[in-house]
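Coordinates as given in run_12.txt (compact mmCIF, C-alpha atoms):
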```txt
# COMPACT_ATOMS: atom_id res chain seq x y z
CA MET A 166 11.01 -25.85 65.60
CA THR A 167 7.38 -26.67 64.79
CA HIS A 168 6.73 -29.86 62.85
CA GLY A 169 4.05 -28.17 60.71
CA HIS A 170 1.45 -29.94 58.58
CA LEU A 171 1.89 -33.52 57.38
CA TRP A 172 1.30 -32.47 53.74
CA ASP A 173 4.16 -29.97 53.95
CA ARG A 174 6.47 -32.61 55.42
CA LEU A 175 5.54 -35.04 52.64
CA ALA A 176 6.23 -32.35 50.02
CA GLU A 177 9.63 -31.60 51.52
CA ALA A 178 10.47 -35.30 51.86
CA LYS A 179 9.67 -35.96 48.20
CA THR A 180 12.34 -33.46 47.17
CA ARG A 181 15.13 -35.30 48.99
CA LEU A 182 14.20 -38.98 49.45
CA ASP A 183 14.46 -41.65 46.79
CA PRO A 184 11.28 -43.75 46.48
CA VAL A 185 11.42 -47.25 47.97
CA GLN A 186 9.50 -50.02 46.21
CA SER A 187 8.38 -52.42 48.92
CA LYS A 188 9.09 -56.11 48.52
CA TYR A 189 5.75 -56.89 50.20
CA ARG A 190 2.08 -56.82 49.30
CA VAL A 191 -0.91 -57.30 51.62
CA LEU A 192 -3.62 -59.69 50.46
CA PHE A 193 -6.93 -59.35 52.25
CA GLU A 194 -10.59 -60.22 52.00
CA ASP A 195 -13.49 -58.23 53.39
CA PRO A 196 -15.60 -60.47 55.69
CA ALA A 197 -18.61 -58.26 54.95
CA THR A 198 -18.44 -59.13 51.24
CA PRO A 199 -17.25 -62.77 51.06
CA ASP A 200 -18.15 -63.13 47.38
CA GLU A 201 -15.78 -60.39 46.27
CA PRO A 202 -12.24 -61.24 45.13
CA ALA A 203 -9.22 -60.83 47.38
CA LYS A 204 -7.85 -57.31 47.41
CA VAL A 205 -4.18 -56.39 47.15
CA LEU A 206 -2.76 -53.47 49.13
CA VAL A 207 0.22 -51.93 47.33
CA PRO A 208 2.48 -49.67 49.46
CA ASP A 209 3.33 -46.33 47.88
CA PRO A 210 7.10 -45.93 47.20
CA ASN A 211 7.23 -42.35 48.50
CA PHE A 212 5.29 -43.29 51.62
CA MET A 213 7.74 -46.15 52.23
CA ALA A 214 10.67 -43.75 51.88
CA ALA A 215 9.09 -41.42 54.44
CA ALA A 216 8.43 -44.32 56.84
CA LEU A 217 12.01 -45.59 56.64
CA GLU A 218 13.41 -42.08 57.06
CA GLY A 219 11.43 -41.13 60.18
CA GLY A 220 10.35 -37.70 61.41
CA ILE A 221 7.61 -37.36 58.76
CA LEU A 222 4.61 -39.61 59.47
CA PRO A 223 2.24 -39.24 62.44
CA PRO A 224 1.53 -41.98 65.02
CA ILE A 225 -0.84 -44.63 63.65
CA GLU A 226 -3.19 -44.00 66.58
CA THR A 227 -4.01 -40.55 65.16
CA TYR A 228 -5.30 -42.08 61.92
CA GLN A 229 -7.37 -44.56 63.90
CA ARG A 230 -8.91 -41.82 66.04
CA ASP A 231 -9.60 -39.77 62.90
CA ARG A 232 -11.71 -42.61 61.45
CA GLY A 233 -14.47 -41.48 63.79
CA VAL A 234 -14.19 -37.78 63.00
CA PRO A 235 -17.09 -36.50 60.86
CA ASP A 236 -16.41 -34.81 57.52
CA GLY A 237 -15.44 -31.19 57.88
CA GLN A 238 -14.34 -31.51 61.51
CA PRO A 239 -10.68 -31.00 62.49
CA LYS A 240 -8.53 -34.11 62.18
CA GLU A 241 -5.61 -35.01 64.41
CA HIS A 242 -3.15 -36.77 62.09
CA PRO A 243 -2.06 -33.79 59.94
CA TYR A 244 -0.77 -31.88 62.97
CA ALA A 245 0.48 -34.70 65.21
CA GLU A 246 4.14 -34.86 66.15
CA PRO A 247 5.93 -37.20 63.73
CA ILE A 248 7.28 -40.56 64.83
CA GLY A 249 10.74 -42.01 64.24
CA ALA A 250 12.04 -44.32 61.54
CA MET A 251 10.39 -47.70 60.94
CA THR A 252 11.69 -50.90 59.42
CA GLU A 253 9.99 -52.04 56.20
CA GLU A 254 8.05 -54.67 58.15
CA GLU A 255 6.87 -52.09 60.69
CA ALA A 256 5.83 -49.80 57.84
CA ILE A 257 3.70 -52.57 56.32
CA GLU A 258 1.99 -53.15 59.68
CA TYR A 259 1.40 -49.38 59.91
CA LEU A 260 -0.23 -49.40 56.46
CA VAL A 261 -2.42 -52.38 57.34
CA GLN A 262 -3.77 -50.48 60.33
CA LYS A 263 -4.09 -47.23 58.36
CA ASP A 264 -5.67 -48.36 55.09
CA ILE A 265 -7.49 -51.62 55.86
CA ASP A 266 -10.70 -51.60 57.83
CA PRO A 267 -10.35 -52.85 61.45
CA SER A 268 -13.07 -55.40 60.68
CA VAL A 269 -10.37 -57.24 58.69
CA TRP A 270 -7.20 -56.96 60.80
CA ARG A 271 -8.61 -56.55 64.33
CA ASP A 272 -12.21 -57.66 64.70
CA TYR A 273 -12.54 -60.76 62.51
CA LYS A 274 -13.13 -63.88 64.62
CA GLY A 275 -13.80 -66.44 61.87
CA ASN A 276 -11.69 -69.44 60.88
CA ARG A 277 -10.65 -68.27 57.42
CA THR A 278 -7.33 -66.55 56.86
CA ILE A 279 -8.44 -63.20 55.47
CA LEU A 280 -5.17 -61.26 55.61
CA LYS A 281 -1.68 -62.25 54.50
CA ILE A 282 1.51 -60.24 54.04
CA VAL A 283 3.32 -61.82 51.11
CA PRO A 284 6.40 -61.17 48.97
CA VAL A 285 5.49 -59.28 45.81
CA GLU A 286 6.56 -62.29 43.70
CA MET A 287 3.61 -64.26 45.09
CA ILE A 288 1.07 -61.95 43.44
CA PRO A 289 0.13 -63.49 40.06
CA SER A 290 1.25 -61.46 37.08
CA ASP A 291 -1.48 -63.03 34.94
CA ARG A 292 -4.64 -61.05 35.68
CA SER A 293 -6.92 -62.98 33.31
CA PHE A 294 -8.94 -64.31 36.24
CA ARG A 295 -8.36 -61.39 38.60
CA ASN A 296 -11.92 -61.45 39.95
CA ALA A 297 -11.50 -65.09 41.02
CA TRP A 298 -8.52 -64.45 43.29
CA ARG A 299 -8.91 -65.85 46.80
CA ILE A 300 -6.50 -66.30 49.70
CA MET A 301 -5.39 -69.96 49.84
CA GLN A 302 -6.42 -71.61 53.10
CA MET B 184 18.76 -25.82 51.93
CA SER B 185 17.71 -22.16 51.83
CA THR B 186 14.24 -21.06 52.86
CA LEU B 187 12.49 -18.09 51.31
CA GLU B 188 9.85 -16.67 53.64
CA VAL B 189 7.31 -14.71 51.62
CA SER B 190 3.81 -13.85 52.81
CA ASN B 191 2.61 -12.22 49.58
CA LEU B 192 3.40 -12.32 45.87
CA ASN B 193 3.10 -9.22 43.67
CA ASP B 194 3.28 -9.11 39.85
CA GLY B 195 3.47 -5.31 39.71
CA THR B 196 -0.25 -4.65 39.98
CA THR B 197 -1.87 -7.50 41.91
CA THR B 198 -0.90 -8.91 45.29
CA VAL B 199 -1.93 -12.37 46.46
CA ALA B 200 -1.03 -14.32 49.57
CA THR B 201 1.52 -17.10 49.09
CA THR B 202 -1.03 -19.49 50.58
CA PHE B 203 -3.30 -18.64 47.62
CA VAL B 204 -0.74 -20.39 45.42
CA THR B 205 0.03 -23.32 47.70
CA ASN B 206 -3.66 -23.94 48.43
CA GLY B 207 -4.33 -24.05 44.70
CA SER B 208 -1.81 -26.79 43.98
CA ALA B 209 -2.86 -30.42 43.57
CA LYS B 210 -3.16 -32.05 46.99
CA ALA B 211 -2.39 -35.54 45.71
CA TRP B 212 -1.57 -37.29 42.48
CA ALA B 213 -0.68 -40.78 41.34
CA ASP B 214 0.75 -42.46 38.27
CA ILE B 215 -0.52 -46.05 38.36
CA ALA B 216 1.17 -48.71 36.24
CA SER B 217 -0.88 -51.23 34.32
CA ALA B 218 -0.52 -54.06 36.81
CA GLY B 219 -1.82 -51.98 39.68
CA SER B 220 1.50 -50.77 41.05
CA LEU B 221 2.45 -47.15 41.67
CA SER B 222 5.09 -45.62 39.41
CA ASP B 223 5.16 -42.31 41.25
CA SER B 224 2.85 -40.23 43.36
CA PHE B 225 2.43 -37.57 46.00
CA ASN B 226 0.45 -37.75 49.26
CA VAL B 227 -0.53 -41.36 48.64
CA SER B 228 -0.01 -44.13 51.20
CA THR B 229 -1.30 -47.16 49.31
CA LEU B 230 -3.10 -48.34 46.22
CA THR B 231 -5.72 -51.04 46.74
CA ASP B 232 -6.18 -53.36 43.78
CA VAL B 233 -9.84 -54.14 44.53
CA GLY B 234 -10.47 -56.25 41.46
CA SER B 235 -10.49 -56.08 37.70
CA GLY B 236 -10.92 -52.43 36.68
CA ASP B 237 -11.39 -51.33 40.29
CA ARG B 238 -8.70 -49.37 42.17
CA SER B 239 -8.67 -47.32 45.35
CA ILE B 240 -6.13 -44.69 46.31
CA ASN B 241 -5.55 -44.04 50.00
CA LEU B 242 -4.24 -40.61 50.94
CA SER B 243 -1.50 -39.97 53.51
CA SER B 244 -2.81 -36.56 54.52
CA ALA B 245 -6.60 -36.59 54.31
CA MET B 246 -8.79 -33.99 52.67
CA GLY B 247 -11.02 -31.87 54.91
CA SER B 248 -14.16 -33.62 53.69
CA ALA B 249 -15.42 -35.72 50.77
CA ASN B 250 -16.19 -32.49 48.88
CA PHE B 251 -13.17 -32.22 46.59
CA ALA B 252 -12.34 -32.74 42.93
CA ALA B 253 -10.70 -35.97 41.79
CA ASN B 254 -9.93 -36.56 38.12
CA SER B 255 -8.70 -39.82 36.70
CA THR B 256 -7.70 -40.88 33.20
CA ILE B 257 -6.53 -44.12 31.66
CA ILE B 258 -4.06 -44.45 28.81
CA TYR B 259 -4.46 -47.30 26.34
CA ALA B 260 -2.93 -48.55 23.11
CA HIS B 261 -4.88 -47.33 20.09
CA GLY B 262 -4.12 -48.49 16.58
CA SER B 263 -0.68 -49.74 15.59
CA SER B 264 1.45 -47.13 17.32
CA GLY B 265 -0.76 -44.55 19.01
CA HIS B 266 -2.33 -44.17 22.41
CA GLY B 267 -5.74 -43.05 23.52
CA VAL B 268 -6.90 -41.37 26.70
CA ARG B 269 -10.24 -41.91 28.44
CA ASN B 270 -11.76 -40.54 31.59
CA ALA B 271 -12.02 -43.08 34.38
CA PRO B 272 -15.02 -42.36 36.60
CA VAL B 273 -14.53 -41.79 40.31
CA ALA B 274 -16.95 -44.34 41.73
CA SER B 275 -16.82 -43.09 45.32
CA LYS B 276 -14.71 -40.94 47.58
CA THR B 277 -14.26 -40.13 51.23
CA ALA B 278 -11.85 -37.65 52.78
CA SER B 279 -9.04 -40.20 52.55
CA VAL B 280 -10.00 -42.82 49.92
CA ILE B 281 -10.77 -42.38 46.21
CA ASN B 282 -12.20 -45.35 44.31
CA VAL B 283 -11.82 -45.32 40.53
CA ASP B 284 -13.42 -47.55 37.89
CA THR B 285 -10.88 -48.03 35.13
CA GLY B 286 -12.80 -50.66 33.20
CA SER B 287 -15.40 -50.00 30.55
CA THR B 288 -18.14 -52.18 29.09
CA ASN B 289 -18.96 -51.55 25.44
CA GLY B 290 -22.23 -52.09 23.61
CA SER B 291 -21.34 -55.72 22.95
CA GLY B 292 -20.85 -56.40 26.65
CA GLN B 293 -17.08 -56.63 26.39
CA PHE B 294 -15.18 -55.40 29.44
CA SER B 295 -11.98 -53.60 28.52
CA PHE B 296 -9.37 -51.08 29.70
CA GLN B 297 -9.51 -52.63 33.19
CA ASP B 298 -5.77 -53.00 33.74
CA GLN B 299 -4.47 -50.05 31.76
CA PRO B 300 -2.15 -47.42 33.25
CA SER B 301 -4.00 -44.54 34.85
CA GLY B 302 -3.39 -41.18 36.44
CA LEU B 303 -5.19 -39.41 39.27
CA SER B 304 -5.16 -35.82 40.47
CA VAL B 305 -6.87 -34.48 43.59
CA ASP B 306 -7.70 -30.81 44.19
CA GLY B 307 -9.43 -29.25 47.16
CA ASP B 308 -8.89 -28.40 50.81
CA LEU B 309 -6.82 -30.50 53.19
CA ALA B 310 -7.89 -31.46 56.71
```
In structure tokens, write the structure found in this file.
Amino acid sequence: MTHGHLWDRLAEAKTRLDPVQSKYRVLFEDPATPDEPAKVLVPDPNFMAAALEGGILPPIETYQRDRGVPDGQPKEHPYAEPIGAMTEEEAIEYLVQKDIDPSVWRDYKGNRTILKIVPVEMIPSDRSFRNAWRIMQ
Amino acid sequence: MSTLEVSNLNDGTTTVATTFVTNGSAKAWADIASAGSLSDSFNVSTLTDVGSGDRSINLSSAMGSANFAANSTIIYAHGSSGHGVRNAPVASKTASVINVDTGSTNGSGQFSFQDQPSGLSVDGDLA
């Protein structure tokens, strides 16, 4: 049986999988814009359900190779053979590599901690000073 | 689960390919709660809370190019019991990331609406 297009697999998965709210968030800072506040990556509940189920999402390497593909050119990730089930922690690592620029999680050589995976409870609920958020060193 | 395999749809006079219907459906959507968490969605991998009034949506299955339509609205309390709806401008987009400005600065320089619930719909061609 063909594995089809990723979008079709996601549509089918949404009809049968319950969403999973992750207990983690990813805090990160962009070394190219040090004056900007820390960003918070929030995993999507349906994406998490697909990751934990397996057989839906493509290998992370396909997303990374597609970063270099110009607009309008064929991309690899929608048609790649899906990978198996992940743990929640593996899914968070997958999302870091998919949705955060490699300059943050791979290439940064400075002394500051610019990426942290934290429990959701550690994200302040008071957003009054949201644009002053920094990662504690 | 049963599967219905249909290449064309006919209403008695007009025939269209089934792909005409599926290609015309929204390719992604998201219901974003006020604190920057996702209530529900489709074809979204993550939400990035970039800052006050600044959110990015990352798609699971990318669009074919940055040439697609993305519409975003915010919902806010208005008066004692009602709600208002405003457009939230799409600040930038690539084939896989849509950045939305949910905040608004009024004539007095006050910044508001930045952390209100918002919705996003994406239409166009997939990669």
| message | Using Å and a single decimal, report how far atom CA of B:Pro272 sits from atom CA of A:Ala197. | response | 24.5 Å
May I have a table of the residues of chain B lying at most 8 Å from chain A, giving each one's closest pair of atoms and their distance in Å to one decimal, counting all atoms listed in the file, ordered by chain and ascending residue number, as CSV?
```
residue,atom,partner,partner_atom,distance
B:Ala218,CA,A:Ser290,CA,7.6
B:Gly219,CA,A:Val207,CA,7.9
B:Ser220,CA,A:Val207,CA,6.5
B:Leu221,CA,A:Asp209,CA,6.3
B:Asp223,CA,A:Pro210,CA,7.2
B:Ser224,CA,A:Asn211,CA,7.1
B:Phe225,CA,A:Asn211,CA,7.2
B:Asn226,CA,A:Leu175,CA,6.7
B:Val227,CA,A:Asp209,CA,6.3
B:Ser228,CA,A:Asp209,CA,5.2
B:Thr229,CA,A:Pro208,CA,4.5
B:Leu230,CA,A:Val207,CA,5.0
B:Thr231,CA,A:Leu206,CA,4.5
B:Asp232,CA,A:Val205,CA,5.0
B:Val233,CA,A:Lys204,CA,4.7
B:Gly234,CA,A:Asn296,CA,5.6
B:Ser235,CA,A:Arg295,CA,5.8
B:Asn241,CA,A:Asp264,CA,6.7
B:Ser243,CA,A:Phe212,CA,7.8
B:Ser244,CA,A:Trp172,CA,5.9
B:Ala245,CA,A:Pro243,CA,7.8
B:Gly247,CA,A:Gly237,CA,5.4
B:Ser248,CA,A:Asp236,CA,4.6
B:Ala249,CA,A:Asp236,CA,6.9
B:Ala278,CA,A:Asp236,CA,7.2
B:Ala310,CA,A:Lys240,CA,6.1
```
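Of the residues listed (A:Ile248, A:Gly219, A:Lys188, A:Ala178), A:Lys188 shows the shortest atom-to-atom separation from A:Val283; distances use all atoms listed in the file.
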| What is the atom CA of B:Gly265 to atom CA of B:Gly302 distance in Å? | 17.9 Å
| query | Residues at most 9 Å from B:Val268, counting only C-alpha atoms, excluding those fewer than 2 positions away in the same chain, as a VMD selection string? | reply | chain B and resid 256 to 260 266 270
Add whatever atoms are absent from stretch 200-234 of chain A to reach N, CA and C atoms, and provide the output as a PDB file, in the frame of the given file.
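What follows is the written file rebuild35.pdb:
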```
ATOM      1  N   ASP A 200     -18.135 -62.717  48.780  1.00  0.00           N
ATOM      2  CA  ASP A 200     -18.150 -63.130  47.380  1.00  0.00           C
ATOM      3  C   ASP A 200     -17.203 -62.297  46.510  1.00  0.00           C
ATOM      4  N   GLU A 201     -16.683 -61.226  47.057  1.00  0.00           N
ATOM      5  CA  GLU A 201     -15.780 -60.390  46.270  1.00  0.00           C
ATOM      6  C   GLU A 201     -14.375 -60.997  46.244  1.00  0.00           C
ATOM      7  N   PRO A 202     -13.601 -60.687  45.205  1.00  0.00           N
ATOM      8  CA  PRO A 202     -12.240 -61.240  45.130  1.00  0.00           C
ATOM      9  C   PRO A 202     -11.332 -60.663  46.214  1.00  0.00           C
ATOM     10  N   ALA A 203     -10.217 -61.351  46.439  1.00  0.00           N
ATOM     11  CA  ALA A 203      -9.220 -60.830  47.380  1.00  0.00           C
ATOM     12  C   ALA A 203      -8.665 -59.514  46.857  1.00  0.00           C
ATOM     13  N   LYS A 204      -8.407 -58.607  47.775  1.00  0.00           N
ATOM     14  CA  LYS A 204      -7.850 -57.310  47.410  1.00  0.00           C
ATOM     15  C   LYS A 204      -6.335 -57.335  47.675  1.00  0.00           C
ATOM     16  N   VAL A 205      -5.635 -56.467  46.983  1.00  0.00           N
ATOM     17  CA  VAL A 205      -4.180 -56.390  47.150  1.00  0.00           C
ATOM     18  C   VAL A 205      -3.811 -54.954  47.522  1.00  0.00           C
ATOM     19  N   LEU A 206      -3.202 -54.798  48.684  1.00  0.00           N
ATOM     20  CA  LEU A 206      -2.760 -53.470  49.130  1.00  0.00           C
ATOM     21  C   LEU A 206      -1.314 -53.280  48.659  1.00  0.00           C
ATOM     22  N   VAL A 207      -1.097 -52.215  47.901  1.00  0.00           N
ATOM     23  CA  VAL A 207       0.220 -51.930  47.330  1.00  0.00           C
ATOM     24  C   VAL A 207       0.800 -50.689  48.030  1.00  0.00           C
ATOM     25  N   PRO A 208       1.899 -50.839  48.779  1.00  0.00           N
ATOM     26  CA  PRO A 208       2.480 -49.670  49.460  1.00  0.00           C
ATOM     27  C   PRO A 208       3.021 -48.660  48.455  1.00  0.00           C
ATOM     28  N   ASP A 209       2.824 -47.390  48.752  1.00  0.00           N
ATOM     29  CA  ASP A 209       3.330 -46.330  47.880  1.00  0.00           C
ATOM     30  C   ASP A 209       4.836 -46.147  48.112  1.00  0.00           C
ATOM     31  N   PRO A 210       5.633 -46.045  47.044  1.00  0.00           N
ATOM     32  CA  PRO A 210       7.100 -45.930  47.200  1.00  0.00           C
ATOM     33  C   PRO A 210       7.539 -44.675  47.963  1.00  0.00           C
ATOM     34  N   ASN A 211       6.849 -43.560  47.775  1.00  0.00           N
ATOM     35  CA  ASN A 211       7.230 -42.350  48.500  1.00  0.00           C
ATOM     36  C   ASN A 211       6.832 -42.434  49.976  1.00  0.00           C
ATOM     37  N   PHE A 212       5.705 -43.084  50.233  1.00  0.00           N
ATOM     38  CA  PHE A 212       5.290 -43.290  51.620  1.00  0.00           C
ATOM     39  C   PHE A 212       6.307 -44.187  52.323  1.00  0.00           C
ATOM     40  N   MET A 213       6.747 -45.248  51.625  1.00  0.00           N
ATOM     41  CA  MET A 213       7.740 -46.150  52.230  1.00  0.00           C
ATOM     42  C   MET A 213       9.030 -45.405  52.549  1.00  0.00           C
ATOM     43  N   ALA A 214       9.440 -44.531  51.636  1.00  0.00           N
ATOM     44  CA  ALA A 214      10.670 -43.750  51.880  1.00  0.00           C
ATOM     45  C   ALA A 214      10.506 -42.884  53.114  1.00  0.00           C
ATOM     46  N   ALA A 215       9.332 -42.271  53.273  1.00  0.00           N
ATOM     47  CA  ALA A 215       9.090 -41.420  54.440  1.00  0.00           C
ATOM     48  C   ALA A 215       9.068 -42.248  55.726  1.00  0.00           C
ATOM     49  N   ALA A 216       8.502 -43.450  55.661  1.00  0.00           N
ATOM     50  CA  ALA A 216       8.430 -44.320  56.840  1.00  0.00           C
ATOM     51  C   ALA A 216       9.828 -44.757  57.280  1.00  0.00           C
ATOM     52  N   LEU A 217      10.653 -45.114  56.317  1.00  0.00           N
ATOM     53  CA  LEU A 217      12.010 -45.590  56.640  1.00  0.00           C
ATOM     54  C   LEU A 217      12.898 -44.451  57.122  1.00  0.00           C
ATOM     55  N   GLU A 218      12.599 -43.236  56.682  1.00  0.00           N
ATOM     56  CA  GLU A 218      13.410 -42.080  57.060  1.00  0.00           C
ATOM     57  C   GLU A 218      13.110 -41.628  58.496  1.00  0.00           C
ATOM     58  N   GLY A 219      11.836 -41.605  58.863  1.00  0.00           N
ATOM     59  CA  GLY A 219      11.430 -41.130  60.180  1.00  0.00           C
ATOM     60  C   GLY A 219      11.280 -39.613  60.223  1.00  0.00           C
ATOM     61  N   GLY A 220      10.526 -39.140  61.236  1.00  0.00           N
ATOM     62  CA  GLY A 220      10.350 -37.700  61.410  1.00  0.00           C
ATOM     63  C   GLY A 220       9.361 -37.075  60.446  1.00  0.00           C
ATOM     64  N   ILE A 221       8.553 -37.888  59.761  1.00  0.00           N
ATOM     65  CA  ILE A 221       7.610 -37.360  58.760  1.00  0.00           C
ATOM     66  C   ILE A 221       6.168 -37.787  59.073  1.00  0.00           C
ATOM     67  N   LEU A 222       5.969 -39.069  59.327  1.00  0.00           N
ATOM     68  CA  LEU A 222       4.610 -39.610  59.470  1.00  0.00           C
ATOM     69  C   LEU A 222       4.122 -39.505  60.919  1.00  0.00           C
ATOM     70  N   PRO A 223       2.809 -39.346  61.081  1.00  0.00           N
ATOM     71  CA  PRO A 223       2.240 -39.240  62.440  1.00  0.00           C
ATOM     72  C   PRO A 223       2.054 -40.622  63.075  1.00  0.00           C
ATOM     73  N   PRO A 224       1.824 -40.683  64.382  1.00  0.00           N
ATOM     74  CA  PRO A 224       1.530 -41.980  65.020  1.00  0.00           C
ATOM     75  C   PRO A 224       0.286 -42.615  64.404  1.00  0.00           C
ATOM     76  N   ILE A 225       0.288 -43.925  64.276  1.00  0.00           N
ATOM     77  CA  ILE A 225      -0.840 -44.630  63.650  1.00  0.00           C
ATOM     78  C   ILE A 225      -2.136 -44.400  64.433  1.00  0.00           C
ATOM     79  N   GLU A 226      -1.993 -44.201  65.745  1.00  0.00           N
ATOM     80  CA  GLU A 226      -3.190 -44.000  66.580  1.00  0.00           C
ATOM     81  C   GLU A 226      -3.976 -42.760  66.134  1.00  0.00           C
ATOM     82  N   THR A 227      -3.297 -41.773  65.588  1.00  0.00           N
ATOM     83  CA  THR A 227      -4.010 -40.550  65.160  1.00  0.00           C
ATOM     84  C   THR A 227      -4.909 -40.849  63.965  1.00  0.00           C
ATOM     85  N   TYR A 228      -4.440 -41.693  63.052  1.00  0.00           N
ATOM     86  CA  TYR A 228      -5.300 -42.080  61.920  1.00  0.00           C
ATOM     87  C   TYR A 228      -6.508 -42.865  62.419  1.00  0.00           C
ATOM     88  N   GLN A 229      -6.266 -43.741  63.402  1.00  0.00           N
ATOM     89  CA  GLN A 229      -7.370 -44.560  63.900  1.00  0.00           C
ATOM     90  C   GLN A 229      -8.413 -43.702  64.604  1.00  0.00           C
ATOM     91  N   ARG A 230      -7.948 -42.720  65.375  1.00  0.00           N
ATOM     92  CA  ARG A 230      -8.910 -41.820  66.040  1.00  0.00           C
ATOM     93  C   ARG A 230      -9.653 -40.980  65.001  1.00  0.00           C
ATOM     94  N   ASP A 231      -8.964 -40.611  63.921  1.00  0.00           N
ATOM     95  CA  ASP A 231      -9.600 -39.770  62.900  1.00  0.00           C
ATOM     96  C   ASP A 231     -10.668 -40.510  62.098  1.00  0.00           C
ATOM     97  N   ARG A 232     -10.657 -41.857  62.143  1.00  0.00           N
ATOM     98  CA  ARG A 232     -11.710 -42.610  61.450  1.00  0.00           C
ATOM     99  C   ARG A 232     -13.096 -42.203  61.945  1.00  0.00           C
ATOM    100  N   GLY A 233     -13.173 -41.827  63.214  1.00  0.00           N
ATOM    101  CA  GLY A 233     -14.470 -41.480  63.790  1.00  0.00           C
ATOM    102  C   GLY A 233     -14.816 -40.007  63.691  1.00  0.00           C
ATOM    103  N   VAL A 234     -13.948 -39.216  63.088  1.00  0.00           N
ATOM    104  CA  VAL A 234     -14.190 -37.780  63.000  1.00  0.00           C
ATOM    105  C   VAL A 234     -15.084 -37.482  61.794  1.00  0.00           C
TER     106      VAL A 234
END
```
